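Shown here: run17.txt, compact mmCIF, C-alpha atoms and all ligand atoms.
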# COMPACT_ATOMS: atom_id res chain seq x y z
CA MET M 1 -36.52 -4.85 -0.05
CA THR M 2 -36.50 -8.44 -1.31
CA MET M 3 -35.16 -10.85 1.30
CA TYR M 4 -32.55 -13.31 0.09
CA ALA M 5 -32.77 -17.11 0.30
CA PHE M 6 -29.68 -19.30 0.67
CA THR M 7 -30.93 -22.64 -0.66
CA ARG M 8 -27.93 -23.58 -2.84
CA SER M 9 -25.48 -22.50 -0.13
CA GLN M 10 -27.28 -24.72 2.37
CA ASN M 11 -27.42 -27.69 -0.01
CA LEU M 12 -23.71 -27.39 -0.74
CA PHE M 13 -22.98 -27.12 2.96
CA GLU M 14 -24.93 -30.32 3.67
CA ARG M 15 -22.86 -32.09 1.01
CA ALA M 16 -19.62 -30.59 2.36
CA ALA M 17 -20.45 -31.69 5.90
CA ARG M 18 -20.52 -35.33 4.70
CA VAL M 19 -17.01 -35.24 3.21
CA VAL M 20 -15.17 -32.38 4.98
CA PRO M 21 -14.62 -32.17 8.76
CA ASN M 22 -16.91 -29.37 9.99
CA GLY M 23 -18.12 -28.79 6.41
CA ILE M 24 -16.34 -25.44 6.22
CA TYR M 25 -13.61 -24.82 8.79
CA GLY M 26 -12.05 -21.76 10.41
CA PRO M 27 -13.77 -18.40 10.83
CA MET M 28 -15.80 -18.95 7.64
CA SER M 29 -17.58 -21.88 9.31
CA PRO M 30 -21.37 -21.41 9.54
CA ALA M 31 -20.98 -22.10 13.25
CA PHE M 32 -19.26 -18.68 13.51
CA LEU M 33 -21.90 -16.95 11.41
CA VAL M 34 -25.66 -17.27 11.71
CA PRO M 35 -26.57 -20.83 10.72
CA GLY M 36 -29.25 -20.85 8.01
CA HIS M 37 -29.21 -17.07 7.55
CA TYR M 38 -25.96 -16.52 5.70
CA PRO M 39 -24.45 -17.37 2.33
CA TYR M 40 -21.65 -19.92 2.69
CA PHE M 41 -20.46 -20.39 -0.91
CA PHE M 42 -19.55 -17.72 -3.43
CA GLN M 43 -19.52 -17.56 -7.18
CA ARG M 44 -17.90 -14.32 -8.22
CA GLY M 45 -16.81 -10.84 -7.19
CA ALA M 46 -16.38 -7.47 -8.91
CA GLY M 47 -15.09 -4.36 -7.15
CA SER M 48 -16.78 -4.02 -3.76
CA HIS M 49 -19.51 -6.57 -4.56
CA VAL M 50 -19.73 -10.37 -4.36
CA TRP M 51 -22.35 -12.86 -5.54
CA ASP M 52 -23.16 -16.08 -3.71
CA VAL M 53 -24.06 -19.42 -5.33
CA ASP M 54 -27.77 -18.51 -5.08
CA GLY M 55 -27.10 -15.47 -7.26
CA ASN M 56 -27.59 -12.98 -4.40
CA GLU M 57 -25.48 -9.81 -4.65
CA TYR M 58 -23.78 -8.20 -1.62
CA ILE M 59 -21.78 -5.13 -0.81
CA ASP M 60 -18.80 -6.93 0.69
CA TYR M 61 -17.42 -5.68 4.01
CA MET M 62 -15.22 -8.71 4.68
CA CYS M 63 -13.11 -8.51 1.51
CA SER M 64 -12.29 -12.23 1.85
CA TYR M 65 -11.18 -11.55 5.46
CA GLY M 66 -8.73 -8.91 4.26
CA PRO M 67 -6.96 -9.87 1.02
CA ILE M 68 -9.19 -7.89 -1.34
CA VAL M 69 -7.77 -4.40 -0.81
CA LEU M 70 -8.30 -2.95 -4.30
CA GLY M 71 -11.62 -4.66 -4.97
CA HIS M 72 -12.48 -8.05 -6.46
CA CYS M 73 -10.96 -8.78 -9.88
CA HIS M 74 -9.08 -5.49 -10.10
CA PRO M 75 -8.29 -5.04 -13.83
CA LYS M 76 -4.60 -4.10 -13.38
CA VAL M 77 -3.92 -7.01 -11.04
CA GLU M 78 -5.83 -9.45 -13.24
CA ALA M 79 -3.96 -8.28 -16.36
CA ALA M 80 -0.60 -8.91 -14.66
CA VAL M 81 -1.84 -12.30 -13.45
CA ALA M 82 -3.14 -13.31 -16.91
CA ALA M 83 0.17 -12.40 -18.57
CA GLN M 84 2.18 -14.42 -16.03
CA GLN M 85 -0.24 -17.34 -16.27
CA GLN M 86 0.38 -17.49 -20.03
CA ALA M 87 4.10 -17.80 -19.32
CA GLY M 88 3.75 -20.23 -16.39
CA ASN M 89 3.56 -20.02 -12.63
CA CYS M 90 5.62 -22.73 -10.98
CA PHE M 91 9.25 -23.28 -12.03
CA ASN M 92 12.54 -24.63 -10.65
CA GLY M 93 13.29 -21.22 -9.21
CA PRO M 94 11.74 -17.79 -8.88
CA GLY M 95 11.16 -15.36 -11.74
CA SER M 96 12.35 -11.77 -11.99
CA ALA M 97 9.21 -10.58 -10.14
CA PHE M 98 10.68 -12.17 -6.99
CA VAL M 99 13.60 -9.72 -7.04
CA GLU M 100 11.47 -6.76 -8.14
CA LEU M 101 9.00 -7.40 -5.33
CA ALA M 102 11.73 -7.70 -2.68
CA GLU M 103 13.22 -4.43 -3.98
CA ARG M 104 9.79 -2.79 -3.92
CA LEU M 105 9.10 -3.83 -0.31
CA VAL M 106 12.54 -2.67 0.83
CA ASP M 107 11.91 0.69 -0.90
CA LEU M 108 8.44 1.04 0.64
CA THR M 109 9.41 0.05 4.19
CA PRO M 110 11.74 2.54 5.88
CA PHE M 111 13.23 0.03 8.37
CA ALA M 112 13.60 -2.89 5.93
CA ASP M 113 16.86 -3.97 4.29
CA TRP M 114 15.62 -7.32 3.01
CA ALA M 115 12.40 -9.18 2.20
CA LEU M 116 11.42 -12.77 1.55
CA PHE M 117 8.23 -14.61 0.70
CA ALA M 118 6.00 -17.51 1.68
CA LYS M 119 2.29 -18.23 1.32
CA ASN M 120 0.37 -17.69 4.58
CA GLY M 121 0.72 -15.28 7.45
CA SER M 122 1.47 -18.16 9.80
CA ASP M 123 4.51 -19.15 7.67
CA VAL M 124 6.27 -15.82 8.07
CA VAL M 125 5.09 -14.99 11.60
CA THR M 126 6.43 -18.27 12.98
CA TRP M 127 9.62 -17.96 10.91
CA SER M 128 10.27 -14.47 12.37
CA LEU M 129 10.17 -15.96 15.87
CA LEU M 130 12.87 -18.45 14.84
CA VAL M 131 14.95 -15.60 13.39
CA ALA M 132 14.68 -13.71 16.71
CA ARG M 133 15.76 -16.83 18.61
CA GLU M 134 18.63 -17.50 16.23
CA HIS M 135 19.84 -13.90 16.47
CA THR M 136 19.69 -13.64 20.27
CA SER M 137 20.42 -17.28 21.23
CA ARG M 138 17.49 -16.93 23.64
CA PRO M 139 14.38 -19.14 23.71
CA LYS M 140 11.42 -17.04 24.88
CA ILE M 141 8.86 -15.01 22.95
CA VAL M 142 6.47 -12.52 24.55
CA MET M 143 3.01 -12.07 23.02
CA ALA M 144 -0.16 -10.27 24.11
CA ASP M 145 -2.68 -12.50 25.79
CA GLY M 146 -5.38 -13.69 23.36
CA THR M 147 -3.83 -12.16 20.24
CA TYR M 148 -4.38 -14.11 17.04
CA HIS M 149 -1.06 -14.84 15.31
CA GLY M 150 -2.17 -17.83 13.20
CA THR M 151 -2.63 -21.56 13.38
CA ASP M 152 0.80 -22.87 14.43
CA ALA M 153 1.07 -24.84 17.65
CA TRP M 154 2.69 -22.01 19.69
CA CYS M 155 -0.31 -19.71 19.15
CA THR M 156 -3.37 -21.51 17.73
CA PRO M 157 -6.44 -20.25 19.62
CA LEU M 158 -7.87 -23.74 20.04
CA THR M 159 -5.27 -25.89 21.73
CA ALA M 160 -6.64 -29.27 20.52
CA GLY M 161 -3.74 -31.37 19.24
CA THR M 162 -1.01 -29.26 20.86
CA THR M 163 1.13 -30.06 23.91
CA PRO M 164 2.21 -27.80 26.78
CA ALA M 165 5.75 -28.06 25.34
CA ASP M 166 4.55 -26.19 22.23
CA ARG M 167 3.94 -23.11 24.39
CA ALA M 168 6.61 -23.64 27.02
CA GLU M 169 8.69 -20.70 25.76
CA ILE M 170 5.76 -18.31 25.22
CA LEU M 171 5.16 -15.58 27.82
CA THR M 172 2.10 -13.35 27.74
CA PHE M 173 1.19 -9.82 28.80
CA LYS M 174 -1.93 -7.69 28.56
CA TYR M 175 -2.08 -5.79 25.24
CA ASP M 176 -1.55 -2.03 25.62
CA ASP M 177 -0.37 -2.45 29.23
CA LEU M 178 3.27 -1.38 29.28
CA ALA M 179 3.56 -1.94 33.04
CA ASP M 180 2.53 -5.56 32.55
CA LEU M 181 5.01 -5.98 29.69
CA GLN M 182 7.77 -4.40 31.82
CA ARG M 183 6.97 -6.90 34.58
CA VAL M 184 7.34 -9.85 32.18
CA VAL M 185 10.55 -8.46 30.69
CA ALA M 186 12.05 -7.73 34.11
CA ALA M 187 11.43 -11.30 35.23
CA HIS M 188 12.82 -12.99 32.09
CA HIS M 189 14.82 -10.50 30.01
CA GLU M 190 17.95 -12.61 29.64
CA GLN M 191 15.78 -15.33 28.15
CA ILE M 192 13.62 -13.22 25.82
CA ALA M 193 14.37 -13.36 22.08
CA GLY M 194 11.44 -11.32 20.81
CA ILE M 195 8.29 -9.38 21.63
CA ILE M 196 5.57 -9.82 19.03
CA VAL M 197 2.70 -7.32 18.75
CA THR M 198 0.00 -6.32 16.28
CA PRO M 199 -0.58 -2.64 15.34
CA PHE M 200 -3.89 -2.64 17.24
CA ARG M 201 -6.01 -5.23 19.03
CA HIS M 202 -8.35 -6.97 16.60
CA GLU M 203 -9.40 -10.22 18.21
CA ALA M 204 -12.64 -11.90 17.15
CA PHE M 205 -15.50 -11.73 19.72
CA HIS M 206 -14.11 -8.41 21.07
CA ASP M 207 -14.39 -4.76 20.27
CA GLN M 208 -11.18 -3.62 18.65
CA GLU M 209 -8.74 -1.58 20.77
CA MET M 210 -6.45 1.12 19.50
CA PRO M 211 -3.37 1.19 21.75
CA GLY M 212 -2.77 4.26 23.87
CA THR M 213 -0.16 6.80 22.83
CA GLY M 214 3.27 5.50 23.63
CA PHE M 215 2.50 1.76 23.76
CA HIS M 216 4.49 0.75 20.67
CA GLN M 217 7.17 3.32 21.52
CA GLY M 218 7.42 1.65 24.93
CA VAL M 219 7.80 -1.77 23.27
CA ARG M 220 10.57 -0.31 21.09
CA GLU M 221 12.39 1.11 24.13
CA LEU M 222 12.14 -2.15 26.08
CA CYS M 223 13.49 -4.10 23.11
CA ASP M 224 16.39 -1.66 22.72
CA ALA M 225 17.21 -1.73 26.43
CA HIS M 226 17.35 -5.53 26.60
CA GLY M 227 18.58 -6.61 23.15
CA ILE M 228 15.17 -8.06 22.32
CA VAL M 229 13.89 -8.27 18.72
CA PHE M 230 10.75 -6.17 18.07
CA ILE M 231 8.50 -8.35 15.89
CA LEU M 232 5.48 -6.71 14.22
CA ASP M 233 2.65 -8.95 13.07
CA ASP M 234 1.20 -6.78 10.29
CA VAL M 235 -0.64 -9.65 8.62
CA ARG M 236 -4.12 -8.24 9.18
CA ALA M 237 -3.55 -4.48 9.09
CA GLY M 238 -0.72 -4.28 6.55
CA PHE M 239 -1.32 -1.98 3.52
CA ARG M 240 -4.64 -0.61 4.87
CA LEU M 241 -3.15 1.91 7.33
CA HIS M 242 0.22 2.84 5.78
CA LEU M 243 2.27 1.52 2.88
CA GLY M 244 5.49 1.57 4.92
CA GLY M 245 4.21 -0.63 7.75
CA SER M 246 1.27 0.02 10.04
CA LEU M 247 3.33 1.65 12.82
CA GLU M 248 4.93 4.16 10.45
CA GLY M 249 2.21 6.72 11.15
CA LEU M 250 3.16 6.49 14.85
CA GLY M 251 6.86 6.93 14.06
CA VAL M 252 7.70 3.49 15.49
CA ARG M 253 9.80 1.02 13.54
CA PRO M 254 10.06 -2.68 14.39
CA ASP M 255 13.02 -4.94 13.59
CA ILE M 256 11.10 -7.50 11.55
CA ALA M 257 7.52 -7.51 10.23
CA SER M 258 5.17 -9.98 8.59
CA TYR M 259 2.67 -9.23 5.83
CA CYS M 260 0.07 -11.37 4.13
CA LYS M 261 -3.62 -10.65 3.55
CA ALA M 262 -3.69 -7.49 1.42
CA ILE M 263 -0.30 -7.80 -0.26
CA ALA M 264 -1.48 -9.36 -3.53
CA ASN M 265 -5.23 -8.51 -3.73
CA GLY M 266 -6.35 -12.10 -3.21
CA TYR M 267 -3.43 -14.13 -4.57
CA PRO M 268 -1.60 -16.37 -2.08
CA LEU M 269 1.50 -14.61 -0.81
CA SER M 270 3.05 -13.57 2.48
CA ALA M 271 6.23 -11.64 3.16
CA SER M 272 8.68 -10.92 5.92
CA VAL M 273 10.77 -7.74 5.92
CA GLY M 274 13.59 -6.96 8.33
CA ARG M 275 16.60 -4.93 9.34
CA GLU M 276 20.17 -5.56 8.26
CA PHE M 277 21.32 -6.81 11.68
CA LEU M 278 18.87 -9.74 11.35
CA ARG M 279 20.12 -10.80 7.91
CA PRO M 280 22.68 -13.36 9.20
CA ALA M 281 20.02 -15.06 11.33
CA ALA M 282 17.52 -14.86 8.43
CA GLU M 283 20.09 -16.62 6.26
CA ARG M 284 20.54 -19.45 8.76
CA VAL M 285 16.87 -20.17 9.60
CA PHE M 286 15.52 -22.51 6.93
CA LEU M 287 12.54 -21.30 4.91
CA ALA M 288 10.99 -23.29 2.09
CA GLY M 289 7.59 -24.38 0.80
CA THR M 290 6.38 -26.17 -2.30
CA PHE M 291 4.73 -23.05 -3.75
CA PHE M 292 6.73 -20.25 -2.10
CA MET M 293 8.42 -19.24 -5.38
CA SER M 294 5.35 -19.27 -7.62
CA ALA M 295 5.35 -16.29 -9.95
CA VAL M 296 1.67 -15.38 -10.33
CA PRO M 297 1.15 -14.10 -6.76
CA MET M 298 4.36 -12.07 -7.03
CA VAL M 299 3.25 -10.21 -10.15
CA ALA M 300 -0.14 -9.73 -8.46
CA ALA M 301 1.65 -8.18 -5.46
CA LEU M 302 3.72 -5.86 -7.66
CA ALA M 303 0.56 -4.65 -9.42
CA THR M 304 -1.30 -4.32 -6.10
CA LEU M 305 1.43 -2.27 -4.41
CA GLU M 306 1.77 -0.04 -7.45
CA GLU M 307 -1.97 0.63 -7.59
CA LEU M 308 -2.23 1.19 -3.83
CA ALA M 309 0.47 3.87 -4.06
CA ALA M 310 -0.76 5.47 -7.30
CA SER M 311 -4.45 5.64 -6.40
CA GLY M 312 -4.34 7.03 -2.86
CA ALA M 313 -6.23 3.92 -1.76
CA ILE M 314 -5.34 4.24 1.92
CA GLN M 315 -6.88 7.73 2.21
CA HIS M 316 -9.92 6.52 0.26
CA MET M 317 -10.48 3.54 2.58
CA TRP M 318 -10.16 5.87 5.55
CA HIS M 319 -12.78 8.19 4.01
CA VAL M 320 -15.41 5.55 3.15
CA GLY M 321 -14.78 3.69 6.43
CA THR M 322 -15.36 6.94 8.33
CA LEU M 323 -18.63 7.54 6.44
CA LEU M 324 -19.77 4.02 7.30
CA GLY M 325 -18.84 4.26 10.99
CA ARG M 326 -20.46 7.68 11.47
CA GLY M 327 -23.55 6.57 9.56
CA LEU M 328 -23.94 3.50 11.79
CA GLU M 329 -23.47 5.58 14.95
CA ASP M 330 -26.06 8.18 13.86
CA GLN M 331 -28.61 5.51 12.93
CA ALA M 332 -28.11 3.50 16.10
CA ARG M 333 -28.58 6.67 18.17
CA ALA M 334 -31.79 7.48 16.29
CA HIS M 335 -33.07 3.96 17.02
CA GLY M 336 -32.06 4.25 20.69
CA LEU M 337 -29.61 1.36 20.38
CA PRO M 338 -26.17 1.84 22.01
CA ILE M 339 -23.40 0.49 19.77
CA ASN M 340 -19.60 0.57 19.66
CA VAL M 341 -17.79 1.24 16.38
CA THR M 342 -14.14 0.37 16.97
CA GLY M 343 -10.84 0.10 15.13
CA PRO M 344 -9.42 2.19 12.30
CA PRO M 345 -11.97 3.22 9.61
CA ALA M 346 -10.40 0.91 7.00
CA ILE M 347 -10.71 -2.09 9.36
CA PRO M 348 -13.79 -1.32 11.46
CA PHE M 349 -16.06 -3.40 13.66
CA MET M 350 -19.46 -2.72 15.18
CA SER M 351 -20.99 -4.33 18.23
CA PHE M 352 -24.01 -3.64 20.42
CA ALA M 353 -23.47 -2.55 24.01
CA ASP M 354 -24.79 -5.10 26.54
CA ASP M 355 -24.56 -7.91 23.99
CA PRO M 356 -21.89 -10.19 25.51
CA ASP M 357 -22.88 -13.23 23.43
CA PHE M 358 -23.21 -11.19 20.21
CA GLU M 359 -26.84 -12.31 19.85
CA ARG M 360 -28.02 -8.87 18.73
CA ASN M 361 -25.10 -8.56 16.36
CA ARG M 362 -25.85 -11.94 14.81
CA TRP M 363 -29.47 -10.86 14.31
CA PHE M 364 -28.35 -7.50 12.88
CA CYS M 365 -25.78 -9.06 10.51
CA ALA M 366 -28.28 -11.71 9.36
CA ALA M 367 -30.82 -8.94 8.65
CA CYS M 368 -28.14 -7.14 6.58
CA ALA M 369 -27.12 -10.33 4.73
CA ALA M 370 -30.75 -10.98 3.77
CA ARG M 371 -30.83 -7.50 2.22
CA GLY M 372 -27.49 -7.54 0.36
CA VAL M 373 -24.85 -6.29 2.81
CA TYR M 374 -22.20 -8.73 4.01
CA PHE M 375 -20.85 -8.01 7.52
CA HIS M 376 -19.55 -10.42 10.15
CA PRO M 377 -21.08 -10.46 13.64
CA HIS M 378 -17.87 -11.14 15.60
CA HIS M 379 -14.85 -10.63 13.36
CA ASN M 380 -13.58 -7.21 12.26
CA TRP M 381 -14.63 -5.95 8.83
CA PHE M 382 -12.49 -4.65 5.94
CA LEU M 383 -12.97 -1.79 3.49
CA SER M 384 -11.36 -1.75 0.04
CA ALA M 385 -10.36 0.92 -2.46
CA ALA M 386 -13.38 -0.13 -4.55
CA HIS M 387 -16.00 0.87 -1.96
CA THR M 388 -17.80 4.01 -3.07
CA GLU M 389 -19.85 6.66 -1.30
CA GLU M 390 -22.85 5.18 -3.15
CA ASP M 391 -22.05 1.77 -1.60
CA ILE M 392 -22.06 3.37 1.83
CA ALA M 393 -25.38 5.12 1.16
CA ARG M 394 -26.96 1.83 -0.02
CA THR M 395 -25.47 0.05 2.98
CA LEU M 396 -26.97 2.59 5.37
CA ASP M 397 -30.44 2.01 3.86
CA VAL M 398 -30.00 -1.66 4.71
CA THR M 399 -28.57 -1.08 8.19
CA ASP M 400 -31.49 1.23 9.01
CA ALA M 401 -33.87 -1.68 8.39
CA ALA M 402 -31.58 -4.04 10.34
CA PHE M 403 -31.43 -1.70 13.38
CA ARG M 404 -35.24 -1.47 13.26
CA SER M 405 -35.44 -5.25 13.27
CA VAL M 406 -33.10 -5.44 16.31
CA LYS M 407 -35.23 -2.82 18.09
CA GLU M 408 -38.44 -4.76 17.35
CA LYS M 409 -36.94 -7.98 18.71
CA TRP M 410 -35.16 -6.64 21.81
CA GLY M 411 -36.78 -3.28 22.44
C1 LIG M 501 -2.67 -10.78 12.94
C2 LIG M 501 -2.61 -12.09 12.22
N1 LIG M 501 -1.48 -12.81 12.28
C3 LIG M 501 -1.36 -13.98 11.64
C4 LIG M 501 -2.40 -14.49 10.91
C5 LIG M 501 -2.26 -15.82 10.23
O1 LIG M 501 -2.27 -15.66 8.84
P1 LIG M 501 -2.71 -16.88 7.91
O2 LIG M 501 -4.14 -17.16 8.20
O3 LIG M 501 -2.49 -16.37 6.52
O4 LIG M 501 -1.80 -18.02 8.26
C6 LIG M 501 -3.60 -13.77 10.81
C7 LIG M 501 -4.74 -14.29 10.05
O5 LIG M 501 -5.84 -13.81 10.13
C8 LIG M 501 -3.70 -12.54 11.49
O6 LIG M 501 -4.82 -11.80 11.43
Whole structure, structure tokens version:
Amino acid sequence: MTMYAFTRSQNLFERAARVVPNGIYGPMSPAFLVPGHYPYFFQRGAGSHVWDVDGNEYIDYMCSYGPIVLGHCHPKVEAAVAAQQQAGNCFNGPGSAFVELAERLVDLTPFADWALFAKNGSDVVTWSLLVAREHTSRPKIVMADGTYHGTDAWCTPLTAGTTPADRAEILTFKYDDLADLQRVVAAHHEQIAGIIVTPFRHEAFHDQEMPGTGFHQGVRELCDAHGIVFILDDVRAGFRLHLGGSLEGLGVRPDIASYCKAIANGYPLSASVGREFLRPAAERVFLAGTFFMSAVPMVAALATLEELAASGAIQHMWHVGTLLGRGLEDQARAHGLPINVTGPPAIPFMSFADDPDFERNRWFCAACAARGVYFHPHHNWFLSAAHTEEDIARTLDVTDAAFRSVKEKWG
């Protein structure tokens, strides 16, 4: 196998570092990858593959950190986008796609009576907290300790630039620990506006955790017993587990939910959907943004949702994700390397046992990147509808070599 070089990526990064704080920021920062052994800048994508600025081709298991759910440059989405771009994107008000998309989300989501749109997950997640407060006239929000809900001051994982007042009304509990949540609710219930949870635990630098049976049902019951709003943060998992909301398969329905990543196959859009009883509060809490009404992402979302439903994409992602996870487990066993494959097959993650600083995983992922497979060493991965069984087979050829390389280095 030819090993890739990343010369243009590195040159661009050196230039970026002179004019951009940190060069590249957020989870895509080289500091979070494997400095010098990863591509940083990309040129194009098609289906399940991406090409970096050095011309190296990868099977892409990050899918742009989630948005690419149908595959890069999906023809039906791109055709809808091109047609809308001809007509214009940004007007004095929304286009008809705004109404059609709200209708589509309400139809798809069994608990939803309304929908509205913004750009990023953080926009709608934070707005849903305000709606819960406005509805209940209570100040406090309960969230699971360490959960990522975005970059706003109440939840940003790095607290630089925030004040204690930003988090003064935030209470925390241990994810998937109903007794702990009950303790928090018992101590503060007359003050609690909302409990916000994700469908499963998917924090960076951790194995993923699927909640035990009854956890989300328990959250639902606590909310009902105390007049608390059940807020689902479905930004990361939305549209990869179920088209009607990621808890639908468990038979649990929240009061309000946020979507972003996969909703428009790479175009900037987020959405909030909610129940009728929250409509008055939703009407009073101000929501606006310079680009919130732009038409192109809305037609992209309509095309994406239609294709997800028509193509059986969710079952397909489950299938190829299962093949990948089982393949990794079998190989690792054959190499005598204990690993953990965690999370749902469409949003998997792999780590090495006894690798608390992710050193082995960084080595493994760098070995894969050099051979044309793009994983992330400490952030969950994403499958798309475009991944094929052939992709998985090619990937497993690469991971076999990467496991061997880990074994040679660490024994
Ligand atoms: C669960 C969850 N909530 C909220 C967010 C924030 O979304 P955004 O980055 O679009 O603001 C993310 C982003 O990764 C997320 O995974």
Around the point (-9.7, 0.8, -1.4) in the file's coordinates, collect all residues with an atom within 6 Å, using all atoms listed in the file, and return them as a PDB file with C-alpha atoms, in the coordinates of the input.
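Once written, out-v3.pdb looks like this:
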ATOM      1  CA  VAL M  69      -7.770  -4.400  -0.810  1.00  0.00           C
ATOM      2  CA  LEU M  70      -8.300  -2.950  -4.300  1.00  0.00           C
ATOM      3  CA  ALA M 313      -6.230   3.920  -1.760  1.00  0.00           C
ATOM      4  CA  HIS M 316      -9.920   6.520   0.260  1.00  0.00           C
ATOM      5  CA  MET M 317     -10.480   3.540   2.580  1.00  0.00           C
ATOM      6  CA  SER M 384     -11.360  -1.750   0.040  1.00  0.00           C
ATOM      7  CA  ALA M 385     -10.360   0.920  -2.460  1.00  0.00           C
ATOM      8  CA  ALA M 386     -13.380  -0.130  -4.550  1.00  0.00           C
TER       9      ALA M 386
END
Would you mind telling me which residue in M:Ala262, M:Ala193, M:Ile256, M:Cys73 lies nearest to ligand LIG 501 (chain M) when using only C-alpha atoms and all ligand atoms? M:Ala262
Name each residue within 10 Å of ligand LIG 501 (chain M), counting only C-alpha atoms and all ligand atoms, as an NGL selection string. :M and (26-27 or 65-67 or 118-126 or 147-152 or 155-156 or 197-204 or 232-238 or 258-261 or 268-270 or 380)
Output C-alpha atoms for every residue in that selection, as a tab-separated table (two decimals), in the frame of the given file.
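Ended up saving to selection.tsv:
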chain	number	residue	atom	x	y	z
M	26	GLY	CA	-12.05	-21.76	10.41
M	27	PRO	CA	-13.77	-18.40	10.83
M	65	TYR	CA	-11.18	-11.55	5.46
M	66	GLY	CA	-8.73	-8.91	4.26
M	67	PRO	CA	-6.96	-9.87	1.02
M	118	ALA	CA	6.00	-17.51	1.68
M	119	LYS	CA	2.29	-18.23	1.32
M	120	ASN	CA	0.37	-17.69	4.58
M	121	GLY	CA	0.72	-15.28	7.45
M	122	SER	CA	1.47	-18.16	9.80
M	123	ASP	CA	4.51	-19.15	7.67
M	124	VAL	CA	6.27	-15.82	8.07
M	125	VAL	CA	5.09	-14.99	11.60
M	126	THR	CA	6.43	-18.27	12.98
M	147	THR	CA	-3.83	-12.16	20.24
M	148	TYR	CA	-4.38	-14.11	17.04
M	149	HIS	CA	-1.06	-14.84	15.31
M	150	GLY	CA	-2.17	-17.83	13.20
M	151	THR	CA	-2.63	-21.56	13.38
M	152	ASP	CA	0.80	-22.87	14.43
M	155	CYS	CA	-0.31	-19.71	19.15
M	156	THR	CA	-3.37	-21.51	17.73
M	197	VAL	CA	2.70	-7.32	18.75
M	198	THR	CA	0.00	-6.32	16.28
M	199	PRO	CA	-0.58	-2.64	15.34
M	200	PHE	CA	-3.89	-2.64	17.24
M	201	ARG	CA	-6.01	-5.23	19.03
M	202	HIS	CA	-8.35	-6.97	16.60
M	203	GLU	CA	-9.40	-10.22	18.21
M	204	ALA	CA	-12.64	-11.90	17.15
M	232	LEU	CA	5.48	-6.71	14.22
M	233	ASP	CA	2.65	-8.95	13.07
M	234	ASP	CA	1.20	-6.78	10.29
M	235	VAL	CA	-0.64	-9.65	8.62
M	236	ARG	CA	-4.12	-8.24	9.18
M	237	ALA	CA	-3.55	-4.48	9.09
M	238	GLY	CA	-0.72	-4.28	6.55
M	258	SER	CA	5.17	-9.98	8.59
M	259	TYR	CA	2.67	-9.23	5.83
M	260	CYS	CA	0.07	-11.37	4.13
M	261	LYS	CA	-3.62	-10.65	3.55
M	268	PRO	CA	-1.60	-16.37	-2.08
M	269	LEU	CA	1.50	-14.61	-0.81
M	270	SER	CA	3.05	-13.57	2.48
M	380	ASN	CA	-13.58	-7.21	12.26
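If you count all atoms listed in the file and ignore residues fewer than 6 places along the chain from Gln85 in chain M, what sits within 12 Å of it is Glu78, Ala79, Phe91, Ser294, Ala295, Val296, Pro297, Met298, Val299 and Ala300 of chain M.
The coordinates place CA of Ala97 in chain M at 14.3 Å from CA of Ala82 in chain M.
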CA of Ala282 in chain M to CA of Ser128 in chain M measures 8.3 Å
